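File shown: data-v2.cif (mmCIF, C-alpha atoms, pLDDT in the B column; chains and numbers go by the auth columns).
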data_protein
#
loop_
_atom_site.group_PDB
_atom_site.id
_atom_site.type_symbol
_atom_site.label_atom_id
_atom_site.label_comp_id
_atom_site.label_asym_id
_atom_site.label_seq_id
_atom_site.Cartn_x
_atom_site.Cartn_y
_atom_site.Cartn_z
_atom_site.B_iso_or_equiv
_atom_site.auth_seq_id
_atom_site.auth_asym_id
ATOM 1 C CA MET A 1 -30.779 10.690 6.038 36.00 247 R
ATOM 2 C CA GLY A 2 -28.425 9.642 3.242 41.00 248 R
ATOM 3 C CA PHE A 3 -24.708 9.058 3.565 40.00 249 R
ATOM 4 C CA SER A 4 -23.922 12.114 1.467 45.00 250 R
ATOM 5 C CA ASP A 5 -25.783 14.198 4.062 47.00 251 R
ATOM 6 C CA ILE A 6 -23.856 12.565 6.896 51.00 252 R
ATOM 7 C CA PHE A 7 -20.468 13.263 5.383 56.00 253 R
ATOM 8 C CA SER A 8 -21.357 16.833 4.432 53.00 254 R
ATOM 9 C CA ARG A 9 -22.118 17.658 8.052 56.00 255 R
ATOM 10 C CA LYS A 10 -19.716 19.973 9.838 59.00 256 R
ATOM 11 C CA LYS A 11 -19.618 17.332 12.587 58.00 257 R
ATOM 12 C CA ALA A 12 -17.881 14.935 10.205 67.00 258 R
ATOM 13 C CA ALA A 13 -15.294 17.486 9.099 72.00 259 R
ATOM 14 C CA ARG A 14 -12.765 16.261 11.673 76.00 260 R
ATOM 15 C CA LEU A 15 -13.210 12.672 10.497 79.00 261 R
ATOM 16 C CA VAL A 16 -12.591 13.575 6.858 80.00 262 R
ATOM 17 C CA GLU A 17 -9.660 15.776 7.876 85.00 263 R
ATOM 18 C CA ASN A 18 -8.049 12.905 9.800 88.00 264 R
ATOM 19 C CA ILE A 19 -8.588 10.499 6.915 90.00 265 R
ATOM 20 C CA ASP A 20 -6.976 13.005 4.543 91.00 266 R
ATOM 21 C CA GLY A 21 -4.061 13.162 6.970 94.00 267 R
ATOM 22 C CA LEU A 22 -3.768 9.377 6.997 95.00 268 R
ATOM 23 C CA LEU A 23 -3.773 9.280 3.207 95.00 269 R
ATOM 24 C CA SER A 24 -1.017 11.901 3.124 95.00 270 R
ATOM 25 C CA THR A 25 0.986 9.712 5.494 96.00 271 R
ATOM 26 C CA ILE A 26 0.438 6.715 3.203 97.00 272 R
ATOM 27 C CA ASP A 27 1.562 8.786 0.230 96.00 273 R
ATOM 28 C CA GLY A 28 4.693 9.826 2.098 97.00 274 R
ATOM 29 C CA ALA A 29 5.407 6.227 3.075 97.00 275 R
ATOM 30 C CA LEU A 30 5.266 5.195 -0.581 98.00 276 R
ATOM 31 C CA LEU A 31 7.866 7.810 -1.499 97.00 277 R
ATOM 32 C CA VAL A 32 10.097 6.544 1.309 98.00 278 R
ATOM 33 C CA PHE A 33 9.557 2.952 0.187 98.00 279 R
ATOM 34 C CA LYS A 34 10.577 3.656 -3.396 97.00 280 R
ATOM 35 C CA GLY A 35 13.522 5.710 -2.238 97.00 281 R
ATOM 36 C CA GLY A 36 14.562 3.007 0.214 97.00 282 R
ATOM 37 C CA VAL A 37 14.477 0.251 -2.387 97.00 283 R
ATOM 38 C CA LYS A 38 16.457 2.410 -4.813 97.00 284 R
ATOM 39 C CA ASP A 39 19.036 3.295 -2.166 97.00 285 R
ATOM 40 C CA TYR A 40 19.466 -0.365 -1.230 97.00 286 R
ATOM 41 C CA LEU A 41 19.788 -1.543 -4.822 97.00 287 R
ATOM 42 C CA TYR A 42 22.418 1.037 -5.696 96.00 288 R
ATOM 43 C CA GLY A 43 24.392 0.922 -2.472 95.00 289 R
ATOM 44 C CA ASP A 44 23.473 4.243 -0.861 97.00 290 R
ATOM 45 C CA ASN A 45 23.756 3.006 2.725 96.00 291 R
ATOM 46 C CA ALA A 46 23.298 6.432 4.315 97.00 292 R
ATOM 47 C CA GLY A 47 20.193 7.135 2.246 97.00 293 R
ATOM 48 C CA PHE A 48 18.774 3.712 3.036 97.00 294 R
ATOM 49 C CA ALA A 49 19.322 4.194 6.780 97.00 295 R
ATOM 50 C CA GLU A 50 17.584 7.565 6.558 97.00 296 R
ATOM 51 C CA ASN A 51 14.605 5.989 4.821 97.00 297 R
ATOM 52 C CA LEU A 52 14.393 3.308 7.508 97.00 298 R
ATOM 53 C CA ALA A 53 14.151 6.031 10.153 97.00 299 R
ATOM 54 C CA LYS A 54 11.543 7.901 8.114 97.00 300 R
ATOM 55 C CA ILE A 55 9.324 4.857 7.648 97.00 301 R
ATOM 56 C CA ALA A 56 9.426 4.120 11.381 97.00 302 R
ATOM 57 C CA ALA A 57 8.207 7.659 12.087 97.00 303 R
ATOM 58 C CA LEU A 58 5.520 7.450 9.403 97.00 304 R
ATOM 59 C CA GLU A 59 4.297 4.115 10.754 96.00 305 R
ATOM 60 C CA THR A 60 3.913 5.686 14.200 96.00 306 R
ATOM 61 C CA ASP A 61 2.092 8.674 12.694 95.00 307 R
ATOM 62 C CA ALA A 62 -0.270 6.405 10.772 95.00 308 R
ATOM 63 C CA GLY A 63 -1.074 4.463 13.939 94.00 309 R
ATOM 64 C CA THR A 64 -1.884 7.684 15.796 94.00 310 R
ATOM 65 C CA ARG A 65 -4.146 8.919 13.004 93.00 311 R
ATOM 66 C CA ILE A 66 -5.957 5.591 12.799 93.00 312 R
ATOM 67 C CA ARG A 67 -6.644 5.657 16.544 92.00 313 R
ATOM 68 C CA GLU A 68 -7.989 9.204 16.249 90.00 314 R
ATOM 69 C CA ILE A 69 -10.297 8.163 13.417 89.00 315 R
ATOM 70 C CA GLU A 70 -11.494 5.138 15.378 88.00 316 R
ATOM 71 C CA GLY A 71 -12.230 7.401 18.349 86.00 317 R
ATOM 72 C CA THR A 72 -14.359 9.661 16.153 81.00 318 R
ATOM 73 C CA LEU A 73 -16.228 6.696 14.685 82.00 319 R
ATOM 74 C CA TYR A 74 -17.143 5.366 18.119 80.00 320 R
ATOM 75 C CA SER A 75 -18.056 8.745 19.590 78.00 321 R
ATOM 76 C CA LYS A 76 -20.411 9.881 16.824 70.00 322 R
ATOM 77 C CA GLY A 77 -23.710 8.031 16.800 65.00 323 R
ATOM 78 C CA TYR A 78 -24.690 9.308 13.375 60.00 324 R
ATOM 79 C CA LEU A 79 -21.688 7.464 11.895 67.00 325 R
ATOM 80 C CA MET A 80 -22.835 4.096 13.253 71.00 326 R
ATOM 81 C CA ARG A 81 -24.112 2.881 9.899 75.00 327 R
ATOM 82 C CA SER A 82 -20.751 3.420 8.182 78.00 328 R
ATOM 83 C CA ARG A 83 -18.502 2.606 11.133 82.00 329 R
ATOM 84 C CA GLY A 84 -17.768 -1.025 10.271 88.00 330 R
ATOM 85 C CA ASP A 85 -16.906 -0.312 6.653 90.00 331 R
ATOM 86 C CA ILE A 86 -14.586 2.571 7.498 90.00 332 R
ATOM 87 C CA MET A 87 -12.889 0.444 10.166 91.00 333 R
ATOM 88 C CA ARG A 88 -12.233 -2.288 7.606 94.00 334 R
ATOM 89 C CA LEU A 89 -10.829 0.314 5.219 94.00 335 R
ATOM 90 C CA LEU A 90 -8.511 1.570 7.960 94.00 336 R
ATOM 91 C CA GLU A 91 -7.318 -1.986 8.619 95.00 337 R
ATOM 92 C CA ARG A 92 -6.373 -2.354 4.965 96.00 338 R
ATOM 93 C CA PHE A 93 -4.358 0.877 4.974 96.00 339 R
ATOM 94 C CA ASP A 94 -2.714 -0.137 8.230 96.00 340 R
ATOM 95 C CA HIS A 95 -1.705 -3.393 6.529 96.00 341 R
ATOM 96 C CA ILE A 96 -0.168 -1.414 3.656 97.00 342 R
ATOM 97 C CA ILE A 97 1.979 0.640 6.035 96.00 343 R
ATOM 98 C CA SER A 98 3.019 -2.583 7.766 96.00 344 R
ATOM 99 C CA ILE A 99 4.076 -4.190 4.460 97.00 345 R
ATOM 100 C CA ILE A 100 6.142 -1.131 3.516 97.00 346 R
ATOM 101 C CA SER A 101 7.880 -1.089 6.887 97.00 347 R
ATOM 102 C CA VAL A 102 8.509 -4.843 7.001 96.00 348 R
ATOM 103 C CA ASP A 103 9.844 -4.928 3.440 96.00 349 R
ATOM 104 C CA LEU A 104 12.413 -2.201 4.083 97.00 350 R
ATOM 105 C CA VAL A 105 13.446 -3.736 7.398 97.00 351 R
ATOM 106 C CA GLN A 106 13.876 -7.131 5.725 96.00 352 R
ATOM 107 C CA PHE A 107 16.178 -5.583 3.125 96.00 353 R
ATOM 108 C CA GLU A 108 18.272 -4.276 6.023 96.00 354 R
ATOM 109 C CA ILE A 109 18.248 -7.539 8.010 96.00 355 R
ATOM 110 C CA GLU A 110 18.676 -10.103 5.240 95.00 356 R
ATOM 111 C CA ALA A 111 20.741 -7.983 2.837 95.00 357 R
ATOM 112 C CA PRO A 112 19.762 -9.882 -0.326 94.00 358 R
ATOM 113 C CA ASN A 113 22.282 -9.941 -3.151 93.00 359 R
ATOM 114 C CA ILE A 114 20.398 -8.503 -6.113 95.00 360 R
ATOM 115 C CA PRO A 115 22.228 -9.259 -9.400 96.00 361 R
ATOM 116 C CA ALA A 116 23.047 -6.146 -11.429 95.00 362 R
ATOM 117 C CA GLU A 117 20.842 -7.306 -14.306 95.00 363 R
ATOM 118 C CA LEU A 118 17.807 -7.450 -12.006 97.00 364 R
ATOM 119 C CA LYS A 119 18.179 -4.134 -10.213 97.00 365 R
ATOM 120 C CA ARG A 120 16.104 -2.169 -12.717 97.00 366 R
ATOM 121 C CA GLU A 121 13.396 -4.845 -12.576 97.00 367 R
ATOM 122 C CA PHE A 122 13.216 -4.717 -8.788 98.00 368 R
ATOM 123 C CA LEU A 123 13.101 -0.935 -8.856 97.00 369 R
ATOM 124 C CA LYS A 124 10.316 -0.988 -11.438 98.00 370 R
ATOM 125 C CA LEU A 125 8.440 -3.581 -9.370 98.00 371 R
ATOM 126 C CA SER A 126 8.558 -1.308 -6.330 98.00 372 R
ATOM 127 C CA GLU A 127 7.277 1.569 -8.479 98.00 373 R
ATOM 128 C CA LEU A 128 4.379 -0.461 -9.895 98.00 374 R
ATOM 129 C CA ALA A 129 3.374 -1.723 -6.444 98.00 375 R
ATOM 130 C CA SER A 130 3.511 1.846 -5.137 98.00 376 R
ATOM 131 C CA LEU A 131 1.390 3.090 -8.050 97.00 377 R
ATOM 132 C CA ALA A 132 -1.261 0.500 -7.179 97.00 378 R
ATOM 133 C CA VAL A 133 -1.485 1.926 -3.670 97.00 379 R
ATOM 134 C CA GLU A 134 -1.307 5.541 -4.889 96.00 380 R
ATOM 135 C CA SER A 135 -4.249 4.843 -7.185 95.00 381 R
ATOM 136 C CA SER A 136 -6.390 3.815 -4.214 94.00 382 R
ATOM 137 C CA ILE A 137 -6.013 7.235 -2.566 94.00 383 R
ATOM 138 C CA PRO A 138 -8.243 9.260 -4.950 91.00 384 R
ATOM 139 C CA GLY A 139 -10.894 6.537 -4.646 90.00 385 R
ATOM 140 C CA THR A 140 -10.821 6.781 -0.877 91.00 386 R
ATOM 141 C CA LYS A 141 -11.280 10.541 -1.005 87.00 387 R
ATOM 142 C CA ALA A 142 -14.042 10.156 -3.592 85.00 388 R
ATOM 143 C CA TYR A 143 -15.988 7.851 -1.263 85.00 389 R
ATOM 144 C CA PHE A 144 -16.669 10.773 1.090 79.00 390 R
ATOM 145 C CA THR A 145 -17.408 13.375 -1.590 78.00 391 R
ATOM 146 C CA GLU A 146 -18.249 11.760 -4.953 80.00 392 R
ATOM 147 C CA PRO A 147 -19.025 8.058 -4.337 78.00 393 R
ATOM 148 C CA HIS A 148 -20.216 7.615 -7.932 80.00 394 R
ATOM 149 C CA SER A 149 -16.634 8.132 -9.141 83.00 395 R
ATOM 150 C CA VAL A 150 -15.044 5.488 -6.888 86.00 396 R
ATOM 151 C CA ALA A 151 -15.161 2.771 -9.555 84.00 397 R
ATOM 152 C CA ALA A 152 -13.358 4.923 -12.118 82.00 398 R
ATOM 153 C CA THR A 153 -10.581 5.858 -9.701 80.00 399 R
ATOM 154 C CA THR A 154 -10.034 2.344 -8.366 86.00 400 R
ATOM 155 C CA ALA A 155 -9.833 0.813 -11.858 89.00 401 R
ATOM 156 C CA GLN A 156 -6.209 1.953 -11.983 93.00 402 R
ATOM 157 C CA VAL A 157 -5.451 -0.070 -8.852 95.00 403 R
ATOM 158 C CA TYR A 158 -6.284 -3.286 -10.672 95.00 404 R
ATOM 159 C CA PHE A 159 -4.222 -2.249 -13.689 96.00 405 R
ATOM 160 C CA TYR A 160 -1.060 -1.563 -11.694 97.00 406 R
ATOM 161 C CA GLU A 161 -1.555 -4.665 -9.565 97.00 407 R
ATOM 162 C CA LYS A 162 -1.697 -6.837 -12.679 97.00 408 R
ATOM 163 C CA GLU A 163 1.418 -5.155 -14.058 98.00 409 R
ATOM 164 C CA ALA A 164 3.224 -5.713 -10.759 98.00 410 R
ATOM 165 C CA VAL A 165 2.252 -9.390 -10.695 97.00 411 R
ATOM 166 C CA LYS A 166 3.424 -9.865 -14.288 98.00 412 R
ATOM 167 C CA LEU A 167 6.772 -8.248 -13.568 98.00 413 R
ATOM 168 C CA SER A 168 7.216 -10.215 -10.348 97.00 414 R
ATOM 169 C CA GLN A 169 6.552 -13.440 -12.229 97.00 415 R
ATOM 170 C CA SER A 170 9.015 -12.380 -14.924 97.00 416 R
ATOM 171 C CA ILE A 171 11.697 -11.759 -12.292 97.00 417 R
ATOM 172 C CA LYS A 172 11.094 -15.148 -10.681 96.00 418 R
ATOM 173 C CA ARG A 173 11.109 -16.875 -14.060 97.00 419 R
ATOM 174 C CA THR A 174 14.413 -15.225 -14.963 96.00 420 R
ATOM 175 C CA VAL A 175 15.945 -16.185 -11.623 96.00 421 R
ATOM 176 C CA PHE A 176 14.969 -19.852 -11.816 96.00 422 R
ATOM 177 C CA HIS A 177 15.300 -20.449 -15.563 96.00 423 R
ATOM 178 C CA GLN A 178 18.205 -18.283 -16.667 95.00 424 R
ATOM 179 C CA MET A 179 20.520 -17.623 -13.714 94.00 425 R
ATOM 180 C CA ASP A 180 22.360 -20.923 -13.433 93.00 426 R
ATOM 181 C CA ASN A 181 25.224 -19.193 -11.639 93.00 427 R
ATOM 182 C CA LEU A 182 23.061 -18.637 -8.541 94.00 428 R
ATOM 183 C CA LYS A 183 22.693 -21.128 -5.720 94.00 429 R
ATOM 184 C CA LEU A 184 19.197 -22.454 -5.087 95.00 430 R
ATOM 185 C CA SER A 185 19.164 -20.631 -1.750 94.00 431 R
ATOM 186 C CA GLU A 186 19.968 -17.360 -3.545 95.00 432 R
ATOM 187 C CA LYS A 187 17.161 -17.970 -6.015 95.00 433 R
ATOM 188 C CA PHE A 188 14.684 -18.547 -3.203 96.00 434 R
ATOM 189 C CA HIS A 189 15.909 -15.359 -1.540 95.00 435 R
ATOM 190 C CA LEU A 190 15.263 -13.291 -4.664 96.00 436 R
ATOM 191 C CA ARG A 191 11.876 -14.919 -5.096 96.00 437 R
ATOM 192 C CA TYR A 192 11.024 -14.007 -1.506 95.00 438 R
ATOM 193 C CA PHE A 193 11.747 -10.308 -2.033 96.00 439 R
ATOM 194 C CA ALA A 194 9.913 -10.138 -5.363 96.00 440 R
ATOM 195 C CA LEU A 195 6.911 -11.786 -3.743 95.00 441 R
ATOM 196 C CA HIS A 196 6.837 -9.386 -0.804 93.00 442 R
ATOM 197 C CA ILE A 197 7.009 -6.298 -2.995 97.00 443 R
ATOM 198 C CA GLU A 198 4.225 -7.829 -5.096 96.00 444 R
ATOM 199 C CA ASP A 199 2.196 -8.208 -1.880 96.00 445 R
ATOM 200 C CA LEU A 200 2.059 -4.420 -1.589 97.00 446 R
ATOM 201 C CA ALA A 201 0.155 -4.246 -4.875 97.00 447 R
ATOM 202 C CA LYS A 202 -2.174 -7.024 -3.727 97.00 448 R
ATOM 203 C CA ALA A 203 -2.866 -5.077 -0.536 97.00 449 R
ATOM 204 C CA ALA A 204 -3.930 -2.127 -2.684 97.00 450 R
ATOM 205 C CA VAL A 205 -6.491 -4.357 -4.390 97.00 451 R
ATOM 206 C CA LYS A 206 -7.968 -5.150 -0.965 96.00 452 R
ATOM 207 C CA VAL A 207 -8.479 -1.415 -0.488 96.00 453 R
ATOM 208 C CA ALA A 208 -10.119 -1.098 -3.902 95.00 454 R
ATOM 209 C CA GLU A 209 -12.437 -4.023 -3.182 95.00 455 R
ATOM 210 C CA GLN A 210 -13.483 -2.523 0.147 94.00 456 R
ATOM 211 C CA LEU A 211 -14.106 0.874 -1.465 93.00 457 R
ATOM 212 C CA SER A 212 -16.283 -0.730 -4.141 91.00 458 R
ATOM 213 C CA VAL A 213 -18.462 -2.358 -1.483 91.00 459 R
ATOM 214 C CA MET A 214 -18.712 0.904 0.437 88.00 460 R
ATOM 215 C CA ALA A 215 -19.616 2.929 -2.656 86.00 461 R
ATOM 216 C CA ILE A 216 -22.402 0.484 -3.528 86.00 462 R
ATOM 217 C CA LYS A 217 -23.825 0.801 -0.016 82.00 463 R
ATOM 218 C CA ARG A 218 -23.756 4.588 -0.237 76.00 464 R
ATOM 219 C CA ALA A 219 -25.669 4.415 -3.516 69.00 465 R
ATOM 220 C CA LEU A 220 -28.505 2.369 -1.983 68.00 466 R
#
Output the file's structure as structure tokens, nothing else.
Amino acid sequence: MGFSDIFSRKKAARLVENIDGLLSTIDGALLVFKGGVKDYLYGDNAGFAENLAKIAALETDAGTRIREIEGTLYSKGYLMRSRGDIMRLLERFDHIISIISVDLVQFEIEAPNIPAELKREFLKLSELASLAVESSIPGTKAYFTEPHSVAATTAQVYFYEKEAVKLSQSIKRTVFHQMDNLKLSEKFHLRYFALHIEDLAKAAVKVAEQLSVMAIKRAL
């Protein structure tokens, strides 16, 4: 029996439903992340605090959904062949939620001083990193319904990741080569935050790579 037959079974409907729910949670977390970064950059303390609370709730929701999916994978024998791959995919999405949460919390704890001339760049970086993750969602859905289209949907992940890396490097280059008024410690601090937002885009690539492997296996 082929994978397409397995995932078209009514028995697998709950699995696909839970994965759709997880992806919706990821999508919501990205909106909170972008909003949180924007609120921090432009001094909306109340909005930022609200986004911190939202991301904590979304992280809990994602954990619950992942456990439900894992339970389904281990209870359904006919999913044994795909279990390991789906588990690895879940781990990569769990890592994405963790990065989003940690990044926002670190903004709150360390309170980096972002120079006015870099605020738009940091905001754009958060948007590009979020777009990389957003682009992995259609590919994940396609894996269960139209595996032949996974490659086309994940191609955007690589595009946005490259754009995020380029912008992150540009920010770091500006900080170290042009901002002589900053202390070295301040420069390292800005580099740290650019790097960690960039890591979100890199995490999206890990999802895309896993999906590509899974789609190839389904095609065999």
Once the PyMOL selection byres ((chain R and resi 449) around 9) is applied to the coordinates I shared, what remains selected? I want it as an mmCIF file with C-alpha atoms, in the coordinates of the input.
data_model
loop_
_atom_site.group_PDB
_atom_site.id
_atom_site.type_symbol
_atom_site.label_atom_id
_atom_site.label_comp_id
_atom_site.auth_asym_id
_atom_site.auth_seq_id
_atom_site.Cartn_x
_atom_site.Cartn_y
_atom_site.Cartn_z
ATOM 1 C CA ARG R 338 -6.373 -2.354 4.965
ATOM 2 C CA PHE R 339 -4.358 0.877 4.974
ATOM 3 C CA HIS R 341 -1.705 -3.393 6.529
ATOM 4 C CA ILE R 342 -0.168 -1.414 3.656
ATOM 5 C CA ILE R 345 4.076 -4.190 4.460
ATOM 6 C CA ALA R 378 -1.261 0.500 -7.179
ATOM 7 C CA VAL R 379 -1.485 1.926 -3.670
ATOM 8 C CA GLU R 444 4.225 -7.829 -5.096
ATOM 9 C CA ASP R 445 2.196 -8.208 -1.880
ATOM 10 C CA LEU R 446 2.059 -4.420 -1.589
ATOM 11 C CA ALA R 447 0.155 -4.246 -4.875
ATOM 12 C CA LYS R 448 -2.174 -7.024 -3.727
ATOM 13 C CA ALA R 450 -3.930 -2.127 -2.684
ATOM 14 C CA VAL R 451 -6.491 -4.357 -4.390
ATOM 15 C CA LYS R 452 -7.968 -5.150 -0.965
ATOM 16 C CA VAL R 453 -8.479 -1.415 -0.488
ATOM 17 C CA ALA R 454 -10.119 -1.098 -3.902
#
Spatial neighbours of segment 298-313 of chain R, 10 Å, only C-alpha atoms, chain gap at least 6 places, as a PyMOL selection string
chain R and resi 264-272+274-279+282+292+319+333+336-337+339-340+343-344+346-348+350-351+354
In terms of only C-alpha atoms, the residue from R:Met425, R:Val283, R:Ala461, R:Ile417 at minimal distance from Thr391 of chain R is R:Ala461
Counting only C-alpha atoms, figure out which residue out of R:Leu377, R:Ala259, R:Ala440, R:Ala398 gets nearest to Ser416 of chain R.
R:Ala440
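Once the PyMOL selection byres ((chain R and resi 368) around 9) is applied to the shown structure, the selection contains Val283, Lys284, Leu287, Ile360, Leu364, Lys365, Arg366, Glu367, Leu369, Lys370, Leu371, Ser372, Glu373, Leu413, Ser414, Ile417, Phe439, Ala440 and Ile443 of chain R.
Counting only C-alpha atoms, Thr386 of chain R has the following residues at most 8 Å away, ignoring those fewer than 3 positions along the same chain: Ser382, Ile383, Tyr389, Phe390, Val396 and Leu457 of chain R.
Atom pair atom CA of Ser431 of chain R / atom CA of Ser376 of chain R: separated by 27.6 Å.
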Measure the distance from atom CA of Asp331 of chain R to atom CA of Lys280 of chain R in Å and round it to one decimal.
29.5 Å
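From atom CA of Met460 of chain R back to atom CA of Val403 of chain R, the distance works out to 16.2 Å.
Using all atoms listed in the file, the shortest contact distance between Leu441 of chain R and any of R:Glu356, R:Glu314, R:Glu363, R:Asp349 is found at R:Asp349.
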